[in-house]
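Chemist: There's a structure below that I have some questions on.
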Amino acid sequence: MHDLLRRYGKGLTGAFVLLTAFWLLVLIILPNLYLLENSFRPYLPKVDMGGPLDTYSLNNYAKILTGESPTNVFGLTVTLPVHVKSFLLTVGYSAFVTLISFALAYPLAYYLAKVVQPKSLPTLFLLLFVPLWVSEVLRSFAWFIILSLKGPLNFTLLGFGIIDAPIRWIAGYQSIVIGLVYTYVLFMLFPIYNAIQSLDTNQIEAAEDLGSPWWRTHWRVILPHAKPGIASGAVMVFMLSAGSLLVPVLLGSTDSNWFTQVIQQWMFEAADWNTGSAYAFILLVLCTVFVSLVMRVFRVKLSDIAK
Amino acid sequence: MHKTRNYLFHLYMALFLFYLLMPLVVMGGAAFNDSRFPSILPWRGFTLQWFSELAADGRMWTAFRNTVLVAIAVVAIAVPVGTAAAILINSVTGRVRTVLYGVMVAPILAPGAVIGISTLLFWNQFSVPAGLHLSVLGQVSYIAAFVMLLVLARLQSFDMALEEAALDLGAGHGMVLRRILLPHLYPAIGAGAAIAFFQSIENFNVTLFTRGNADTLTVYVFSKVRTGITPTINALALIMITVTLAGAVFYELRRRRLERLRGE
């Protein structure tokens with residue numbers, strides 16, 4: 001701080017502090033505190049606000065426990081509240097999307113970092129970046145066309161005689177998973193590529209010379225080195241998936257209900273902003289827990305993830 | 001053995017690229033198909049009808065104008081804020097730095113819906129109605145973090161002795177900032193501005209919760225897909241893809257030419 005004052009003087013240092021304070025306080029901290037405060041207050045008509053009915057309670061959070069819905073989990077019938085079920089399904093499918101993205105991206109990241117001719121890398125990267133230049137809404141829309149009942153996918157499969165009748169792709173959660181993987185797989189690819197790229201190729205060759213089979217080289221040499229990249233990719237893909245609203249709305253079916261959709265219903269259909277805040281806060285807690293879990297398991301720092 | 005392995009890898013790469021790019025081709029191609037429902041198969045003949053319908057769509061033009069205005073406002077706020085924050089955090093150490101850094105990057109990791117709702121509620125308390133001005137503030141809260149990270153990375157290669165020298169030679173504080181620090185940061189600030197602009201155009205989650213009744217392009221496309229969907233959206237998509245790709249290819253070619261020139 002003294003250093004700043006000496007180099008830029010009172011005026012400029014004050015300006016830096018003010019701008020940063022505006023960002024941190026007015027745009028981040030206060031809105032989130034207010035979100036938390038609101039989530040404990042009841043949803044009231046304007047005249048009753050601040051009146052005797054306006055007291056703090058956990059009622060908004062308790063709403064998540066209402067409305068039973070019997071669910072079949074591996075043959076067992078479990079009765080879960082509707083919104084808890086949607087929350088758990090969101091977490092489960094987001095984790096699933098993260099796993100698939102990893103499985104798709106890891107071989108490719110290795111290929112880009114260690115196998116391919118370096119001179120073709122710029123072109124490959126240009127091609128890989130293309131979808132990132134296209135907005136998320138359009139990418140989901142593209143899959144909406146492809147997966148529709150009379151869409152190109154069914155048309156092609158029918159044409160080759162692989163299937164006899166068109167498949168209803170947009171059903172349950174499968175179309176959401178397809179859309180999310182497509183939209184976010186690149187967020188897994190680039191961090192892992194960066195991590196593997198920094199591995200000395202001599203180490204891989206040494207392992208091979210010493211007779212290590214390819215899978216053990218990956219397991220013992222390359223994967224451990226790629227850990228920060230995997231952590232970063234997993235956090236990005238999981239967060240973006242769990243927080244996505246576009247993909248579940250555009251590619252969801254009548255039986256799917258993503259947790260962000262539930263929040264949106266509280267905010268706009270029920271116009272109950274207080275319960276909406278409570279649910280939004282639950283989502284925020286989920287994300288915080290997930291990030292700290294990944295940081296702990298992979299032993300990485302926040303600055304490794306946010307790159 | 002490596003030969004088979006490499007062959008499989010090349011094949012996988014090709015398949016992956018097909019998987020990434022094919023949906024965009026399908027979407028673009030459907031813009032020319034003479035069919036009420038956007039699809040590429042079956043092909044019912046070539047038409048430019050959807051482009052003229054798009055051009056006549058007033059709501060789309062309003063949404064387009066809004067998107068650009070919001071993006072410009074986001075750049076105008078996020079770039080100074082992010083740069084100031086980077087300079088500030090670069091000069092503190094220890095626990096304070098860890099905490100500040102955590103608060104700054106947290107919005108990148110927070111779901112957009114949460115940012116949107118908290119912004120909406122916070123300003124509503126001061127009777128500020130929902131609208132695009134709130135979308136700007138909500139977007140800045142996480143986009144400024146991208147600018148901060150880029151500028152902070154650039155600051156690592158900054159030689160502070162230059163500033164000392166300037167001060168010793170009698171330069172004022174303003175001149176040190178303007179003539180020494182900022183010129184060093186310009187590449188990062190420029191990249192930050194570009195990223196801020198694109199992030200803002202792409203944003204959906206924050207905008208949806210804060211926009212009030214106003215449309216941006218992403219929200220417009222979204223509502224079209226949900227209500228009456230026609231290939232005009234594909235026409236719009238094709239134009240957007242073409243413009244951004246032309247920009248990306250131009251940038252890449254320029255980069256390669258500069259690299260060649262430097263090599264000579």
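Here's how to read the names in the structure tokens: chain A, B, ... by the order shown, residue numbers from 1 in each chain, ligand numbers from 1 in the order shown.
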Going by DSSP on the backbone, which bits of stretch 25-264 of chain A are strand (DSSP E or B)? Write them as a PDB file with C-alpha atoms, in the first residue's frame, please.

Modeler:
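Listing of part26.pdb after writing:
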```pdb
ATOM      1  CA  GLU A  68     -43.621 -35.677  -2.047  1.00  0.00           C
ATOM      2  CA  SER A  69     -42.653 -37.524  -5.175  1.00  0.00           C
ATOM      3  CA  PRO A  70     -42.007 -41.257  -5.221  1.00  0.00           C
ATOM      4  CA  THR A  71     -38.817 -42.042  -7.085  1.00  0.00           C
ATOM      5  CA  ASN A  72     -37.406 -45.288  -8.282  1.00  0.00           C
ATOM      6  CA  VAL A  73     -33.719 -45.589  -7.390  1.00  0.00           C
ATOM      7  CA  LEU A  76     -36.063 -49.210  -4.563  1.00  0.00           C
ATOM      8  CA  THR A  77     -38.902 -46.760  -4.245  1.00  0.00           C
ATOM      9  CA  VAL A  78     -37.759 -43.717  -2.324  1.00  0.00           C
ATOM     10  CA  THR A  79     -40.105 -40.878  -1.516  1.00  0.00           C
ATOM     11  CA  LEU A  80     -38.371 -37.558  -1.950  1.00  0.00           C
ATOM     12  CA  PRO A  81     -39.656 -33.998  -1.940  1.00  0.00           C
TER      13      PRO A  81
END
```

Chemist: Please, which residues in chain A fall within 7 Å of chain B when counting only C-alpha atoms, and what is the closest atom pair and distance in Å to one decimal for each, ordered by chain then residue number, as CSV?

Modeler:
```
residue,atom,partner,partner_atom,distance
A:Met1,CA,B:Ser91,CA,6.0
A:Leu4,CA,B:Ser91,CA,6.8
A:Arg7,CA,B:His173,CA,6.3
A:Tyr8,CA,B:His173,CA,4.5
A:Gly9,CA,B:His173,CA,5.8
A:Phe16,CA,B:Ala84,CA,4.8
A:Leu19,CA,B:Val81,CA,5.3
A:Thr20,CA,B:Ala85,CA,5.1
A:Trp23,CA,B:Ser141,CA,6.5
A:Leu24,CA,B:Met104,CA,7.0
A:Leu27,CA,B:Ser141,CA,5.4
A:Ile28,CA,B:Ser141,CA,6.2
A:Pro31,CA,B:Ser118,CA,5.0
A:Asn32,CA,B:Ser118,CA,5.6
A:Tyr34,CA,B:Phe122,CA,6.1
A:Leu35,CA,B:Ser118,CA,5.2
A:Leu108,CA,B:Met13,CA,6.7
A:Tyr111,CA,B:Phe9,CA,6.6
A:Leu128,CA,B:Leu17,CA,7.0
A:Pro131,CA,B:Leu20,CA,6.8
A:Trp133,CA,B:Thr244,CA,6.4
A:Val134,CA,B:Ile241,CA,6.0
A:Ser135,CA,B:Glu202,CA,5.3
A:Glu136,CA,B:Glu202,CA,6.9
A:Val137,CA,B:Thr218,CA,6.3
A:Leu138,CA,B:Ala237,CA,6.6
A:Ala142,CA,B:Met27,CA,5.3
A:Trp143,CA,B:Pro23,CA,6.6
A:Ile145,CA,B:Ser39,CA,6.2
A:Gly151,CA,B:Ser39,CA,6.2
A:Pro152,CA,B:Leu41,CA,5.5
A:Phe155,CA,B:Leu41,CA,7.0
A:Met239,CA,B:Leu109,CA,6.8
A:Gly243,CA,B:Pro111,CA,4.8
A:Leu245,CA,B:Asn205,CA,6.8
A:Ala280,CA,B:Val114,CA,5.5
A:Leu284,CA,B:Ala110,CA,6.6
A:Cys287,CA,B:Ala110,CA,7.0
A:Ala306,CA,B:Val105,CA,6.9
```

Chemist: Next, dump the selected residues to file, keeping only C-alpha atoms, as an mmCIF file, in the first residue's frame.

Modeler:
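Final output, selection11.cif:
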```
data_model
loop_
_atom_site.group_PDB
_atom_site.id
_atom_site.type_symbol
_atom_site.label_atom_id
_atom_site.label_comp_id
_atom_site.auth_asym_id
_atom_site.auth_seq_id
_atom_site.Cartn_x
_atom_site.Cartn_y
_atom_site.Cartn_z
ATOM 1 C CA MET A 1 0.000 0.000 0.000
ATOM 2 C CA LEU A 4 1.326 2.503 -4.224
ATOM 3 C CA ARG A 7 4.431 5.782 -6.810
ATOM 4 C CA TYR A 8 0.999 7.065 -7.767
ATOM 5 C CA GLY A 9 0.210 9.636 -5.071
ATOM 6 C CA PHE A 16 -7.791 2.551 -7.498
ATOM 7 C CA LEU A 19 -12.950 1.486 -8.136
ATOM 8 C CA THR A 20 -12.026 -1.792 -6.464
ATOM 9 C CA TRP A 23 -16.692 -3.649 -7.537
ATOM 10 C CA LEU A 24 -16.196 -5.743 -4.410
ATOM 11 C CA LEU A 27 -21.411 -5.405 -7.102
ATOM 12 C CA ILE A 28 -20.410 -8.545 -5.195
ATOM 13 C CA PRO A 31 -25.905 -7.963 -3.269
ATOM 14 C CA ASN A 32 -25.035 -11.415 -1.950
ATOM 15 C CA TYR A 34 -28.884 -8.919 0.632
ATOM 16 C CA LEU A 35 -29.768 -12.139 -1.180
ATOM 17 C CA LEU A 108 -7.427 -35.361 -26.978
ATOM 18 C CA TYR A 111 -2.761 -35.989 -28.336
ATOM 19 C CA LEU A 128 -11.326 -26.221 -31.776
ATOM 20 C CA PRO A 131 -17.632 -23.402 -31.118
ATOM 21 C CA TRP A 133 -16.985 -18.137 -30.667
ATOM 22 C CA VAL A 134 -20.600 -19.192 -31.175
ATOM 23 C CA SER A 135 -22.930 -18.234 -28.368
ATOM 24 C CA GLU A 136 -24.240 -20.888 -26.014
ATOM 25 C CA VAL A 137 -27.852 -20.293 -26.986
ATOM 26 C CA LEU A 138 -27.070 -21.061 -30.626
ATOM 27 C CA ALA A 142 -28.230 -26.546 -32.999
ATOM 28 C CA TRP A 143 -28.748 -29.667 -30.886
ATOM 29 C CA ILE A 145 -32.602 -29.195 -34.364
ATOM 30 C CA GLY A 151 -34.318 -34.053 -37.294
ATOM 31 C CA PRO A 152 -31.143 -34.986 -39.156
ATOM 32 C CA PHE A 155 -33.177 -39.125 -40.582
ATOM 33 C CA MET A 239 -20.295 -25.315 -12.188
ATOM 34 C CA GLY A 243 -25.737 -23.373 -13.143
ATOM 35 C CA LEU A 245 -30.415 -22.573 -17.494
ATOM 36 C CA ALA A 280 -30.404 -19.462 -5.270
ATOM 37 C CA LEU A 284 -24.440 -21.086 -4.289
ATOM 38 C CA CYS A 287 -21.011 -24.653 -5.778
ATOM 39 C CA ALA A 306 -9.233 -19.634 -11.877
#
```

Chemist: Find the distance between atom CA of A:Val297 and atom CA of A:Lys227 and write it in Å to one decimal.

Modeler: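 It comes out at 10.1 Å.
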
Chemist: Using only C-alpha atoms, which protein or nucleic acid residues come within 8 Å of stretch 55-67 of chain A? Drop anything in the same chain fewer than 4 positions from it, and give the result as a list in words.

Modeler: Ser39, Phe40, Arg41, Pro42, Pro81, Val82, His83, Val84, Asn274, Thr275, Ala278 and Tyr279 of chain A

Chemist: Can you list, as a PyMOL selection string, all residues belonging to stretch 1-199 of chain B that DSSP tags as helix (DSSP H, G or I)?

Modeler: chain B and resi 2-32+49-55+58-90+94-109+112-125+132-155+160-168+173-199

Chemist: Could those selected residues go to a file with C-alpha atoms, as a short mmCIF file (atom, residue, chain, number, x, y, z; two decimals), in the first residue's frame?

Modeler:
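Printed below is part.cif as written:
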```cif
data_model
loop_
_atom_site.label_atom_id
_atom_site.label_comp_id
_atom_site.auth_asym_id
_atom_site.auth_seq_id
_atom_site.Cartn_x
_atom_site.Cartn_y
_atom_site.Cartn_z
CA HIS B 2 3.25 -46.17 -32.06
CA LYS B 3 2.09 -46.09 -35.64
CA THR B 4 -1.25 -47.76 -34.92
CA ARG B 5 -1.59 -45.62 -31.83
CA ASN B 6 -0.99 -42.42 -33.78
CA TYR B 7 -3.39 -43.53 -36.46
CA LEU B 8 -6.11 -44.04 -33.85
CA PHE B 9 -5.32 -40.65 -32.32
CA HIS B 10 -5.65 -38.88 -35.67
CA LEU B 11 -8.93 -40.63 -36.25
CA TYR B 12 -10.20 -39.58 -32.83
CA MET B 13 -9.15 -35.98 -33.46
CA ALA B 14 -11.01 -35.96 -36.77
CA LEU B 15 -14.13 -37.44 -35.19
CA PHE B 16 -13.99 -34.90 -32.40
CA LEU B 17 -13.73 -32.02 -34.83
CA PHE B 18 -16.67 -33.45 -36.77
CA TYR B 19 -18.62 -33.65 -33.52
CA LEU B 20 -17.77 -30.03 -32.68
CA LEU B 21 -18.41 -28.52 -36.08
CA MET B 22 -21.21 -30.62 -37.57
CA PRO B 23 -23.97 -29.04 -35.40
CA LEU B 24 -22.92 -25.59 -36.59
CA VAL B 25 -23.04 -26.70 -40.22
CA VAL B 26 -26.49 -28.22 -39.67
CA MET B 27 -27.70 -25.02 -38.07
CA GLY B 28 -26.24 -22.80 -40.79
CA GLY B 29 -27.47 -25.03 -43.59
CA ALA B 30 -31.01 -25.00 -42.26
CA ALA B 31 -31.09 -21.23 -42.87
CA PHE B 32 -31.35 -21.93 -46.61
CA GLN B 49 -36.70 -16.10 -47.58
CA TRP B 50 -35.53 -16.47 -43.97
CA PHE B 51 -32.92 -13.77 -44.37
CA SER B 52 -35.43 -11.23 -45.66
CA GLU B 53 -37.85 -12.17 -42.86
CA LEU B 54 -35.06 -11.64 -40.36
CA ALA B 55 -34.19 -8.23 -41.79
CA GLY B 58 -38.07 -5.10 -35.73
CA ARG B 59 -37.76 -6.89 -32.40
CA MET B 60 -34.55 -8.53 -33.53
CA TRP B 61 -33.01 -5.16 -34.46
CA THR B 62 -33.93 -3.69 -31.06
CA ALA B 63 -32.37 -6.71 -29.36
CA PHE B 64 -29.26 -6.33 -31.51
CA ARG B 65 -28.92 -2.64 -30.59
CA ASN B 66 -29.44 -3.46 -26.88
CA THR B 67 -26.79 -6.18 -26.99
CA VAL B 68 -24.19 -3.84 -28.45
CA LEU B 69 -25.03 -1.02 -26.01
CA VAL B 70 -24.84 -3.35 -23.01
CA ALA B 71 -21.52 -4.77 -24.23
CA ILE B 72 -20.04 -1.28 -24.67
CA ALA B 73 -21.19 -0.25 -21.19
CA VAL B 74 -19.76 -3.44 -19.68
CA VAL B 75 -16.38 -2.81 -21.35
CA ALA B 76 -16.42 0.83 -20.20
CA ILE B 77 -16.91 -0.19 -16.55
CA ALA B 78 -15.18 -3.59 -16.32
CA VAL B 79 -11.88 -2.49 -17.88
CA PRO B 80 -11.06 0.39 -15.48
CA VAL B 81 -12.39 -1.57 -12.49
CA GLY B 82 -10.47 -4.74 -13.36
CA THR B 83 -7.27 -2.82 -14.09
CA ALA B 84 -7.46 -0.84 -10.83
CA ALA B 85 -8.14 -4.03 -8.88
CA ALA B 86 -5.14 -5.76 -10.48
CA ILE B 87 -2.80 -2.87 -9.62
CA LEU B 88 -4.14 -2.82 -6.08
CA ILE B 89 -3.90 -6.56 -5.45
CA ASN B 90 -0.42 -6.63 -6.93
CA GLY B 94 -0.23 -12.19 2.72
CA ARG B 95 -3.70 -12.88 4.05
CA VAL B 96 -5.22 -9.69 2.70
CA ARG B 97 -4.19 -10.67 -0.77
CA THR B 98 -5.63 -14.19 -0.45
CA VAL B 99 -8.97 -12.86 0.79
CA LEU B 100 -9.17 -10.09 -1.85
CA TYR B 101 -8.24 -12.53 -4.59
CA GLY B 102 -10.88 -14.98 -3.39
CA VAL B 103 -13.64 -12.37 -3.41
CA MET B 104 -12.57 -11.17 -6.84
CA VAL B 105 -12.55 -14.52 -8.62
CA ALA B 106 -15.57 -15.94 -6.76
CA PRO B 107 -18.10 -14.43 -9.24
CA ILE B 108 -16.45 -16.35 -12.11
CA LEU B 109 -17.27 -19.57 -10.30
CA GLY B 112 -25.04 -16.70 -13.34
CA ALA B 113 -28.55 -17.12 -11.94
CA VAL B 114 -27.30 -16.28 -8.44
CA ILE B 115 -25.48 -13.17 -9.68
CA GLY B 116 -28.57 -12.08 -11.59
CA ILE B 117 -30.97 -12.58 -8.68
CA SER B 118 -28.73 -10.89 -6.10
CA THR B 119 -28.23 -7.88 -8.39
CA LEU B 120 -31.96 -7.63 -9.02
CA LEU B 121 -32.86 -7.82 -5.32
CA PHE B 122 -30.15 -5.43 -4.19
CA TRP B 123 -31.10 -2.62 -6.55
CA ASN B 124 -34.80 -3.23 -6.10
CA GLN B 125 -34.30 -2.27 -2.46
CA LEU B 132 -30.59 -3.47 -18.99
CA HIS B 133 -28.72 -1.11 -16.63
CA LEU B 134 -28.92 -3.87 -14.00
CA SER B 135 -27.77 -6.42 -16.57
CA VAL B 136 -24.69 -4.24 -17.10
CA LEU B 137 -23.92 -4.13 -13.36
CA GLY B 138 -24.52 -7.87 -12.95
CA GLN B 139 -22.31 -8.72 -15.89
CA VAL B 140 -19.53 -6.38 -14.72
CA SER B 141 -19.43 -8.15 -11.35
CA TYR B 142 -17.90 -11.26 -12.94
CA ILE B 143 -16.45 -9.91 -16.20
CA ALA B 144 -14.21 -7.47 -14.29
CA ALA B 145 -12.54 -10.56 -12.82
CA PHE B 146 -11.37 -11.67 -16.29
CA VAL B 147 -9.83 -8.25 -16.89
CA MET B 148 -8.23 -8.35 -13.43
CA LEU B 149 -6.65 -11.79 -14.09
CA LEU B 150 -5.24 -10.72 -17.47
CA VAL B 151 -3.80 -7.45 -16.16
CA LEU B 152 -2.42 -9.15 -13.05
CA ALA B 153 -0.58 -11.68 -15.24
CA ARG B 154 0.88 -8.85 -17.30
CA LEU B 155 1.97 -6.97 -14.17
CA MET B 160 9.08 -1.34 -11.18
CA ALA B 161 12.51 0.28 -11.43
CA LEU B 162 11.23 2.13 -14.49
CA GLU B 163 8.70 3.93 -12.32
CA GLU B 164 11.35 4.69 -9.71
CA ALA B 165 13.55 6.18 -12.40
CA ALA B 166 10.73 8.34 -13.70
CA LEU B 167 9.90 9.58 -10.20
CA ASP B 168 13.56 10.36 -9.53
CA HIS B 173 2.27 10.54 -10.39
CA GLY B 174 -0.16 10.96 -13.28
CA MET B 175 2.67 10.87 -15.78
CA VAL B 176 4.14 7.70 -14.25
CA LEU B 177 0.79 5.98 -14.69
CA ARG B 178 0.10 7.33 -18.16
CA ARG B 179 3.53 7.06 -19.71
CA ILE B 180 5.05 4.04 -17.99
CA LEU B 181 2.60 1.65 -16.37
CA LEU B 182 -0.36 1.87 -18.75
CA PRO B 183 1.66 1.44 -21.97
CA HIS B 184 3.11 -1.75 -20.49
CA LEU B 185 -0.39 -2.98 -19.65
CA TYR B 186 -2.04 -2.07 -22.96
CA PRO B 187 -1.85 -5.56 -24.51
CA ALA B 188 -3.56 -7.07 -21.45
CA ILE B 189 -6.10 -4.23 -21.29
CA GLY B 190 -6.89 -4.68 -24.98
CA ALA B 191 -7.33 -8.44 -24.59
CA GLY B 192 -9.44 -7.79 -21.49
CA ALA B 193 -11.69 -5.39 -23.38
CA ALA B 194 -12.18 -7.93 -26.18
CA ILE B 195 -13.00 -10.72 -23.73
CA ALA B 196 -15.35 -8.44 -21.80
CA PHE B 197 -17.16 -7.52 -25.02
CA PHE B 198 -17.64 -11.15 -26.10
CA GLN B 199 -18.58 -12.35 -22.63
#
```

Chemist: With only C-alpha atoms as the atoms that count, which of A:Met236, A:Leu126, A:Ala103, A:Ala21 lies nearest to B:Arg255?

Modeler: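 Counting only C-alpha atoms, the residue closest to B:Arg255 is A:Leu126.
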
Chemist: Hey, can you check how far atom CA of A:Pro228 sits from atom CA of A:Gln197?

Modeler: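 So the two atoms, atom CA of A:Pro228 and atom CA of A:Gln197, lie 12.3 Å apart.
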
Chemist: Could you jot down the atom CA of A:Val300 to atom CA of A:Asn194 separation for me, Å, one decimal place?

Modeler: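 Atom CA of A:Asn194 lies at a distance of 15.3 Å from atom CA of A:Val300.
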